[in-house]
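Source file: model18.cif. Holds: mmCIF, C-alpha atoms; chains and numbers go by the auth columns.
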data_my_file
loop_
_atom_site.group_PDB
_atom_site.id
_atom_site.type_symbol
_atom_site.label_atom_id
_atom_site.label_comp_id
_atom_site.label_asym_id
_atom_site.label_seq_id
_atom_site.Cartn_x
_atom_site.Cartn_y
_atom_site.Cartn_z
_atom_site.B_iso_or_equiv
_atom_site.auth_seq_id
_atom_site.auth_asym_id
ATOM 1 C CA THR A 1 114.897 92.779 119.340 0.00 120 A
ATOM 2 C CA GLY A 2 113.238 90.732 116.602 0.00 121 A
ATOM 3 C CA SER A 3 109.582 90.698 115.656 0.00 122 A
ATOM 4 C CA HIS A 4 106.788 89.800 118.019 0.00 123 A
ATOM 5 C CA LEU A 5 103.036 90.159 118.458 0.00 124 A
ATOM 6 C CA LYS A 6 101.985 91.139 121.960 0.00 125 A
ATOM 7 C CA MET A 7 98.457 89.946 122.770 0.00 126 A
ATOM 8 C CA SER A 8 96.473 87.889 125.269 0.00 127 A
ATOM 9 C CA SER A 9 95.673 84.325 124.321 0.00 128 A
ATOM 10 C CA PHE A 10 92.274 84.641 126.009 0.00 129 A
ATOM 11 C CA SER A 11 89.917 87.279 127.377 0.00 130 A
ATOM 12 C CA TYR A 12 86.532 87.432 129.078 0.00 131 A
ATOM 13 C CA SER A 13 83.341 88.585 127.342 0.00 132 A
ATOM 14 C CA GLY A 14 82.833 92.331 127.557 0.00 133 A
ATOM 15 C CA GLU A 15 86.493 93.187 128.072 0.00 134 A
ATOM 16 C CA SER A 16 88.846 95.122 125.792 0.00 135 A
ATOM 17 C CA VAL A 17 91.840 93.481 124.143 0.00 136 A
ATOM 18 C CA THR A 18 94.947 95.262 122.872 0.00 137 A
ATOM 19 C CA PHE A 19 97.168 93.830 120.151 0.00 138 A
ATOM 20 C CA GLU A 20 100.662 95.199 119.638 0.00 139 A
ATOM 21 C CA CYS A 21 102.579 94.389 116.474 0.00 140 A
ATOM 22 C CA ASN A 22 106.346 94.835 116.623 0.00 141 A
ATOM 23 C CA VAL A 23 108.018 93.934 113.341 0.00 142 A
ATOM 24 C CA ASP A 24 111.746 94.517 113.207 0.00 143 A
ATOM 25 C CA HIS A 25 111.996 96.915 110.256 0.00 144 A
ATOM 26 C CA GLY A 26 115.457 98.308 110.909 0.00 145 A
ATOM 27 C CA GLU A 27 115.771 101.893 109.754 0.00 146 A
ATOM 28 C CA PHE A 28 113.286 101.507 106.916 0.00 147 A
ATOM 29 C CA PRO A 29 110.029 103.450 107.276 0.00 148 A
ATOM 30 C CA ILE A 30 106.730 101.638 107.724 0.00 149 A
ATOM 31 C CA VAL A 31 104.374 102.193 104.783 0.00 150 A
ATOM 32 C CA SER A 32 101.294 100.445 106.176 0.00 151 A
ATOM 33 C CA ILE A 33 100.044 98.147 108.914 0.00 152 A
ATOM 34 C CA THR A 34 97.039 95.928 108.245 0.00 153 A
ATOM 35 C CA TRP A 35 95.163 93.907 110.891 0.00 154 A
ATOM 36 C CA LEU A 36 93.047 90.871 110.029 0.00 155 A
ATOM 37 C CA LYS A 37 90.828 88.489 111.950 0.00 156 A
ATOM 38 C CA ASP A 38 90.610 85.044 110.355 0.00 157 A
ATOM 39 C CA GLY A 39 91.908 86.565 107.107 0.00 158 A
ATOM 40 C CA LYS A 40 89.397 89.452 107.016 0.00 159 A
ATOM 41 C CA GLN A 41 90.794 92.985 107.206 0.00 160 A
ATOM 42 C CA PHE A 42 89.338 95.095 110.031 0.00 161 A
ATOM 43 C CA TYR A 43 91.954 97.841 110.379 0.00 162 A
ATOM 44 C CA LYS A 44 94.546 99.498 108.181 0.00 163 A
ATOM 45 C CA TYR A 45 97.016 102.270 108.845 0.00 164 A
ATOM 46 C CA ASP A 46 98.484 103.784 105.661 0.00 165 A
ATOM 47 C CA SER A 47 101.152 106.442 106.211 0.00 166 A
ATOM 48 C CA ASN A 48 100.631 107.837 102.695 0.00 167 A
ATOM 49 C CA LEU A 49 97.043 108.950 103.343 0.00 168 A
ATOM 50 C CA ILE A 50 95.815 112.191 104.940 0.00 169 A
ATOM 51 C CA ASN A 51 93.410 110.104 107.053 0.00 170 A
ATOM 52 C CA PRO A 52 95.707 107.129 107.626 0.00 171 A
ATOM 53 C CA VAL A 53 93.288 104.913 109.596 0.00 172 A
ATOM 54 C CA SER A 54 90.523 102.907 107.926 0.00 173 A
ATOM 55 C CA ILE A 55 88.288 100.509 109.843 0.00 174 A
ATOM 56 C CA THR A 56 86.157 97.784 108.249 0.00 175 A
ATOM 57 C CA ASP A 57 83.315 95.963 110.010 0.00 176 A
ATOM 58 C CA VAL A 58 84.145 92.359 110.880 0.00 177 A
ATOM 59 C CA ASP A 59 81.984 90.150 113.148 0.00 178 A
ATOM 60 C CA GLY A 60 83.184 90.222 116.738 0.00 179 A
ATOM 61 C CA VAL A 61 85.595 93.133 116.194 0.00 180 A
ATOM 62 C CA VAL A 62 84.782 96.604 117.545 0.00 181 A
ATOM 63 C CA VAL A 63 87.869 98.802 117.093 0.00 182 A
ATOM 64 C CA LYS A 64 88.393 101.533 119.684 0.00 183 A
ATOM 65 C CA LYS A 65 89.624 104.173 117.249 0.00 184 A
ATOM 66 C CA ASP A 66 90.889 106.597 119.912 0.00 185 A
ATOM 67 C CA LEU A 67 93.208 103.831 121.212 0.00 186 A
ATOM 68 C CA SER A 68 94.237 102.633 117.734 0.00 187 A
ATOM 69 C CA LEU A 69 95.770 105.650 116.023 0.00 188 A
ATOM 70 C CA ASN A 70 99.193 104.567 114.802 0.00 189 A
ATOM 71 C CA GLY A 71 98.559 101.042 113.549 0.00 190 A
ATOM 72 C CA ASN A 72 101.095 99.067 115.532 0.00 191 A
ATOM 73 C CA LYS A 73 98.802 99.020 118.575 0.00 192 A
ATOM 74 C CA VAL A 74 95.101 98.264 118.084 0.00 193 A
ATOM 75 C CA THR A 75 92.443 97.874 120.802 0.00 194 A
ATOM 76 C CA ILE A 76 89.104 96.155 120.330 0.00 195 A
ATOM 77 C CA GLY A 77 86.336 96.572 122.872 0.00 196 A
ATOM 78 C CA SER A 78 83.358 94.645 124.215 0.00 197 A
ATOM 79 C CA VAL A 79 84.628 91.296 123.000 0.00 198 A
ATOM 80 C CA THR A 80 82.164 88.423 122.573 0.00 199 A
ATOM 81 C CA PRO A 81 82.551 84.721 121.714 0.00 200 A
ATOM 82 C CA GLN A 82 82.463 85.904 118.054 0.00 201 A
ATOM 83 C CA SER A 83 85.764 87.700 118.741 0.00 202 A
ATOM 84 C CA THR A 84 87.514 84.317 119.078 0.00 203 A
ATOM 85 C CA GLY A 85 89.883 83.734 116.179 0.00 204 A
ATOM 86 C CA THR A 86 93.302 84.254 114.651 0.00 205 A
ATOM 87 C CA TYR A 87 94.534 87.834 114.532 0.00 206 A
ATOM 88 C CA THR A 88 97.252 88.850 112.095 0.00 207 A
ATOM 89 C CA CYS A 89 99.214 92.032 111.567 0.00 208 A
ATOM 90 C CA LYS A 90 100.931 92.659 108.238 0.00 209 A
ATOM 91 C CA VAL A 91 103.562 95.374 108.171 0.00 210 A
ATOM 92 C CA GLU A 92 104.685 96.791 104.842 0.00 211 A
ATOM 93 C CA ILE A 93 108.021 98.597 104.881 0.00 212 A
ATOM 94 C CA ASP A 94 109.716 100.781 102.307 0.00 213 A
ATOM 95 C CA HIS A 95 112.343 98.283 101.179 0.00 214 A
ATOM 96 C CA PRO A 96 112.426 96.377 97.875 0.00 215 A
ATOM 97 C CA SER A 97 113.359 92.913 99.174 0.00 216 A
ATOM 98 C CA LEU A 98 111.810 92.903 102.666 0.00 217 A
ATOM 99 C CA SER A 99 108.426 94.242 101.756 0.00 218 A
ATOM 100 C CA VAL A 100 106.018 92.597 104.225 0.00 219 A
ATOM 101 C CA GLY A 101 106.379 91.168 107.710 0.00 220 A
ATOM 102 C CA GLU A 102 103.492 89.148 109.155 0.00 221 A
ATOM 103 C CA LEU A 103 102.707 87.985 112.692 0.00 222 A
ATOM 104 C CA SER A 104 99.696 85.994 113.959 0.00 223 A
ATOM 105 C CA GLY A 105 98.217 84.888 117.248 0.00 224 A
ATOM 106 C CA SER A 106 95.040 83.212 118.494 0.00 225 A
ATOM 107 C CA LEU A 107 92.508 84.784 120.843 0.00 226 A
ATOM 108 C CA LYS A 108 89.835 82.820 122.700 0.00 227 A
ATOM 109 C CA ILE A 109 86.942 84.526 124.463 0.00 228 A
ATOM 110 C CA VAL A 110 85.751 82.905 127.676 0.00 229 A
ATOM 111 C CA GLN A 111 82.289 83.451 129.161 0.00 230 A
ATOM 112 C CA ASN A 112 82.685 84.784 132.708 0.00 231 A
#

Could you quickly redo this structure as structure tokens?
Amino acid sequence: TGSHLKMSSFSYSGESVTFECNVDHGEFPIVSITWLKDGKQFYKYDSNLINPVSITDVDGVVVKKDLSLNGNKVTIGSVTPQSTGTYTCKVEIDHPSLSVGELSGSLKIVQN
């Protein structure tokens, strides 16, 4: 199937946006999934932790935690023009030579 990032290229102010990160990791387990906006981490899922989800405040990003539990699908709510930017998911897998897969896409917020 290959790797792909499923996301809208634009959204209207006040709406929610869901990002879905699908990195082809074969049969190797996923260790962690990190989400960044313009290079700043706002979400991390780490399968080695008891509480695997950690959320960091980043301007324009309000993570809906109840819709963002497993890392590969993250929803942000109440987007504003500050939410415009480049969103990246980094997937770390348990394999010595294929450690990290990375996908990026741009989101633009339009005033309605």

Review point. When distances are computed from all atoms listed in the file, which of A:Gly204, A:Pro171, A:Gly121, A:Gly190 shows the smallest separation from Glu139 of chain A?
Key: A:Gly190

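Nearest to Trp154 of chain A of all the residues A:Asp185, A:Ile212, A:Lys227, A:Cys140 is A:Cys140, counting all atoms listed in the file.
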
List the residues matched by the PyMOL selection byres ((chain A and resi 199) around 7) in the displayed structure as a short mmCIF file (atom, residue, chain, number, x, y, z; two decimals) with C-alpha atoms, keeping the file's coordinate frame, ordered by chain and then by residue number.
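expr.cif, written as the output of this step:
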data_model
loop_
_atom_site.label_atom_id
_atom_site.label_comp_id
_atom_site.auth_asym_id
_atom_site.auth_seq_id
_atom_site.Cartn_x
_atom_site.Cartn_y
_atom_site.Cartn_z
CA SER A 132 83.34 88.58 127.34
CA GLY A 133 82.83 92.33 127.56
CA GLY A 179 83.18 90.22 116.74
CA SER A 197 83.36 94.64 124.22
CA VAL A 198 84.63 91.30 123.00
CA PRO A 200 82.55 84.72 121.71
CA GLN A 201 82.46 85.90 118.05
CA SER A 202 85.76 87.70 118.74
CA ILE A 228 86.94 84.53 124.46
#

Point to revise | All residues 12 Å or closer to Ser173 of chain A, all atoms listed in the file, same chain fewer than 6 positions away omitted, as number ranges by chain | key: A: 151-154, 160-166, 182, 184, 187-190

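Counting from atom CA of Asp213 of chain A, the distance to atom CA of Lys183 of chain A is 27.5 Å.
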
**Study point:** Residue nearest Leu186 of chain A among A:Val172, A:Lys159, A:Gln230, A:Ser130 (counting all atoms listed in the file)
**Key:** A:Val172

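Shell of Val219 of chain A at 9 Å, with all atoms listed in the file counted and residues fewer than 4 places along the chain excluded, is Lys209, Val210, Glu211 and Ile212 of chain A.
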